[in-house]
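File shown: input.txt. Contents: compact mmCIF, C-alpha atoms.
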# COMPACT_ATOMS: atom_id res chain seq x y z
CA MET A 1 49.20 -62.72 7.90
CA ILE A 2 46.60 -60.93 9.97
CA ARG A 3 43.92 -62.43 12.22
CA TYR A 4 40.55 -60.76 12.51
CA ASP A 5 37.78 -61.36 15.02
CA LEU A 6 34.70 -61.62 12.82
CA ILE A 7 30.95 -61.56 13.47
CA CYS A 8 28.01 -62.42 11.24
CA GLU A 9 24.61 -60.75 11.01
CA LYS A 10 23.27 -63.30 13.54
CA PHE A 11 26.04 -62.34 15.99
CA HIS A 12 28.03 -65.58 15.72
CA ALA A 13 31.63 -64.68 16.59
CA PHE A 14 34.60 -66.41 14.98
CA ASP A 15 38.06 -65.56 13.66
CA GLY A 16 39.76 -65.65 10.29
CA TRP A 17 43.30 -65.28 8.96
CA PHE A 18 44.03 -63.18 5.87
CA ARG A 19 47.11 -62.11 3.90
CA ASP A 20 46.31 -58.45 4.72
CA SER A 21 43.27 -56.21 5.27
CA ALA A 22 42.72 -55.87 1.52
CA ALA A 23 42.52 -59.67 1.23
CA PHE A 24 39.65 -59.74 3.74
CA ASP A 25 37.80 -57.04 1.78
CA GLU A 26 38.32 -58.87 -1.53
CA GLN A 27 37.18 -62.22 -0.13
CA ALA A 28 34.16 -60.72 1.63
CA VAL A 29 32.99 -58.97 -1.57
CA ALA A 30 33.48 -62.22 -3.53
CA GLY A 31 31.31 -64.12 -1.00
CA LEU A 32 34.19 -66.25 0.23
CA VAL A 33 33.93 -65.29 3.91
CA THR A 34 31.06 -67.15 5.57
CA CYS A 35 29.95 -67.79 9.13
CA PRO A 36 30.94 -71.34 10.18
CA VAL A 37 27.83 -71.59 12.38
CA CYS A 38 25.01 -70.43 10.08
CA GLY A 39 26.69 -69.92 6.69
CA SER A 40 25.79 -66.23 6.50
CA LEU A 41 27.72 -64.12 3.99
CA GLN A 42 27.03 -60.95 6.01
CA VAL A 43 30.33 -60.97 7.93
CA GLU A 44 32.11 -57.97 9.43
CA LYS A 45 35.32 -57.41 11.33
CA GLN A 46 34.83 -56.88 15.06
CA LEU A 47 36.61 -54.15 16.95
CA MET A 48 40.02 -55.44 18.05
CA THR A 49 42.76 -54.00 20.18
CA PRO A 50 46.35 -54.42 19.03
CA GLY A 51 48.48 -57.02 20.77
CA LEU A 52 51.68 -55.33 21.89
CA PRO A 53 54.28 -57.85 23.05
CA VAL A 54 56.41 -57.17 26.11
CA ARG A 55 60.13 -57.52 25.48
CA ALA A 56 61.13 -61.13 26.08
CA ASN A 57 64.25 -60.19 28.04
CA ARG A 58 62.38 -58.12 30.61
CA CYS A 59 61.67 -60.04 33.79
CA ARG A 60 58.14 -60.12 35.12
CA GLU A 61 58.92 -57.95 38.19
CA GLU A 62 60.34 -55.22 35.96
CA ALA A 63 57.29 -55.14 33.69
CA PRO A 64 55.25 -51.97 34.16
CA GLN A 65 51.86 -52.15 35.85
CA ARG A 66 49.20 -52.68 33.21
CA ARG A 67 45.48 -52.04 33.32
CA GLN A 68 42.93 -54.14 31.55
CA LEU A 69 41.40 -51.93 28.87
CA ALA A 70 38.51 -52.39 26.52
CA ALA A 71 37.80 -50.43 23.41
CA GLY A 72 34.14 -49.87 22.67
CA PRO A 73 32.22 -49.22 19.49
CA ALA A 74 31.64 -45.57 18.57
CA ASP A 75 28.17 -46.13 17.09
CA ALA A 76 25.36 -45.65 19.66
CA LYS A 77 23.37 -48.67 18.44
CA MET A 78 26.46 -50.85 18.56
CA ARG A 79 27.19 -49.65 22.12
CA GLU A 80 23.63 -50.63 23.10
CA LEU A 81 24.12 -54.04 21.51
CA VAL A 82 27.41 -54.60 23.33
CA GLU A 83 25.78 -53.59 26.63
CA ALA A 84 22.89 -56.00 25.97
CA VAL A 85 25.40 -58.81 25.34
CA ARG A 86 27.19 -57.91 28.60
CA ARG A 87 23.88 -58.15 30.46
CA LEU A 88 23.10 -61.48 28.77
CA LYS A 89 26.49 -62.94 29.71
CA ALA A 90 26.17 -61.67 33.29
CA HIS A 91 22.70 -63.25 33.53
CA VAL A 92 23.98 -66.59 32.22
CA GLU A 93 26.95 -66.55 34.60
CA ALA A 94 24.72 -65.69 37.56
CA ASN A 95 21.99 -68.24 36.80
CA ALA A 96 23.77 -71.22 35.25
CA ASP A 97 26.43 -73.69 36.35
CA TYR A 98 29.81 -73.40 34.64
CA VAL A 99 30.88 -76.87 33.49
CA GLY A 100 33.89 -75.89 31.35
CA GLU A 101 35.04 -78.39 28.74
CA ARG A 102 32.54 -80.96 30.06
CA PHE A 103 29.73 -78.93 28.42
CA PRO A 104 28.83 -81.45 25.65
CA GLU A 105 28.83 -84.36 28.11
CA GLU A 106 26.77 -82.48 30.72
CA ALA A 107 24.30 -81.19 28.10
CA ARG A 108 23.68 -84.75 26.92
CA LYS A 109 23.23 -86.05 30.49
CA ILE A 110 20.64 -83.35 31.17
CA HIS A 111 18.87 -83.90 27.83
CA TYR A 112 18.65 -87.68 28.36
CA GLU A 113 17.59 -87.17 32.00
CA GLU A 114 20.73 -88.79 33.39
CA ALA A 115 21.43 -85.65 35.44
CA GLU A 116 19.24 -83.04 37.11
CA ALA A 117 17.73 -80.44 34.79
CA ARG A 118 19.58 -77.15 35.20
CA ALA A 119 21.03 -74.33 33.14
CA ILE A 120 24.70 -74.81 32.24
CA TYR A 121 27.37 -73.04 30.23
CA GLY A 122 30.89 -73.92 29.19
CA GLU A 123 33.07 -74.62 26.17
CA ALA A 124 32.42 -76.72 23.09
CA SER A 125 33.94 -76.84 19.62
CA LEU A 126 31.80 -75.96 16.62
CA GLU A 127 31.67 -79.66 15.75
CA GLU A 128 30.50 -80.57 19.27
CA ALA A 129 27.84 -77.82 19.22
CA ALA A 130 26.60 -78.98 15.80
CA ALA A 131 26.39 -82.59 17.05
CA LEU A 132 24.39 -81.47 20.09
CA ASN A 133 21.98 -79.53 17.86
CA GLU A 134 21.59 -82.58 15.58
CA GLU A 135 20.60 -84.61 18.65
CA GLY A 136 17.90 -82.05 19.44
CA ILE A 137 19.85 -80.44 22.28
CA ASP A 138 19.40 -76.68 22.03
CA VAL A 139 22.72 -74.84 22.52
CA HIS A 140 23.70 -71.28 21.67
CA PRO A 141 27.11 -69.58 21.54
CA LEU A 142 27.73 -66.61 23.79
CA PRO A 143 29.07 -63.71 21.71
CA LYS A 144 32.59 -62.43 22.39
CA LEU A 145 32.96 -58.99 23.89
CA PRO A 146 35.85 -56.57 23.32
CA GLU A 147 37.21 -57.32 26.80
CA ASP A 148 37.12 -61.12 26.29
CA GLY A 149 40.73 -61.10 25.11
CA ASN A 150 41.54 -60.69 21.46

Kindly return the structure encoded in the file as structure tokens.
Amino acid sequence: MIRYDLICEKFHAFDGWFRDSAAFDEQAVAGLVTCPVCGSLQVEKQLMTPGLPVRANRCREEAPQRRQLAAGPADAKMRELVEAVRRLKAHVEANADYVGERFPEEARKIHYEEAEARAIYGEASLEEAAALNEEGIDVHPLPKLPEDGN
């Protein structure tokens, strides 16, 4: 099995598991790979870095120094898009309160005026985000970047 980070034409990021890379291609062509957020059939694999495991019997002190690396898209337009997403995420982080897993609860409190109005960000499942949208609470996912840990 292989896991791919996927993205739809509306930039909703999600992952999918496939038997092999050919299975993804076959399912995508057949219209079987859809975005769980918007239902789009225009889904592509995102750039991923390979996960190389460290030997289990090596103690942490012996492990070589590692740098955090990010692979970037080769296409100029894609690079511009990734940079725009980085700026968007930096803006959100600088101008909103991080509420973590309490995001759905805090969003409701703000919407129903039980808490002060302010910008927030945090984590929510797809089901929680859909429920918030159904209640009229406007929420948007922040796209994943290559350095966000594959």

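Near A:Asp20, within a cut-off of 8 Å and counting all atoms listed in the file, sit the residues Met1, Ile2, Phe18, Ala22, Ala23 and Phe24 of chain A, with same-chain residues fewer than 2 positions away left out.
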
| Do you have the atom CA of A:Asp75-atom CA of A:Arg87 distance handy? |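 Going from atom CA of A:Asp75 over to atom CA of A:Arg87 covers 18.5 Å.
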
| query | Skipping near chain neighbours, those fewer than 5 positions away, what residues fall within 8 Å of A:Ala115 using only C-alpha atoms, listed as a PyMOL selection string? | reply | chain A and resi 106+109-110

| Could you work out how far atom CA of A:Val33 lies from atom CA of A:Ile137, giving the answer in Å with one decimal? | 27.7 Å

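Between atom CA of A:Glu93 and atom CA of A:Ala117 lies a distance of 16.7 Å.
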
| Counting all atoms listed in the file, which of A:Leu41, A:Ala124, A:Val99, A:Val29 gets nearest to A:His140? | A:Ala124
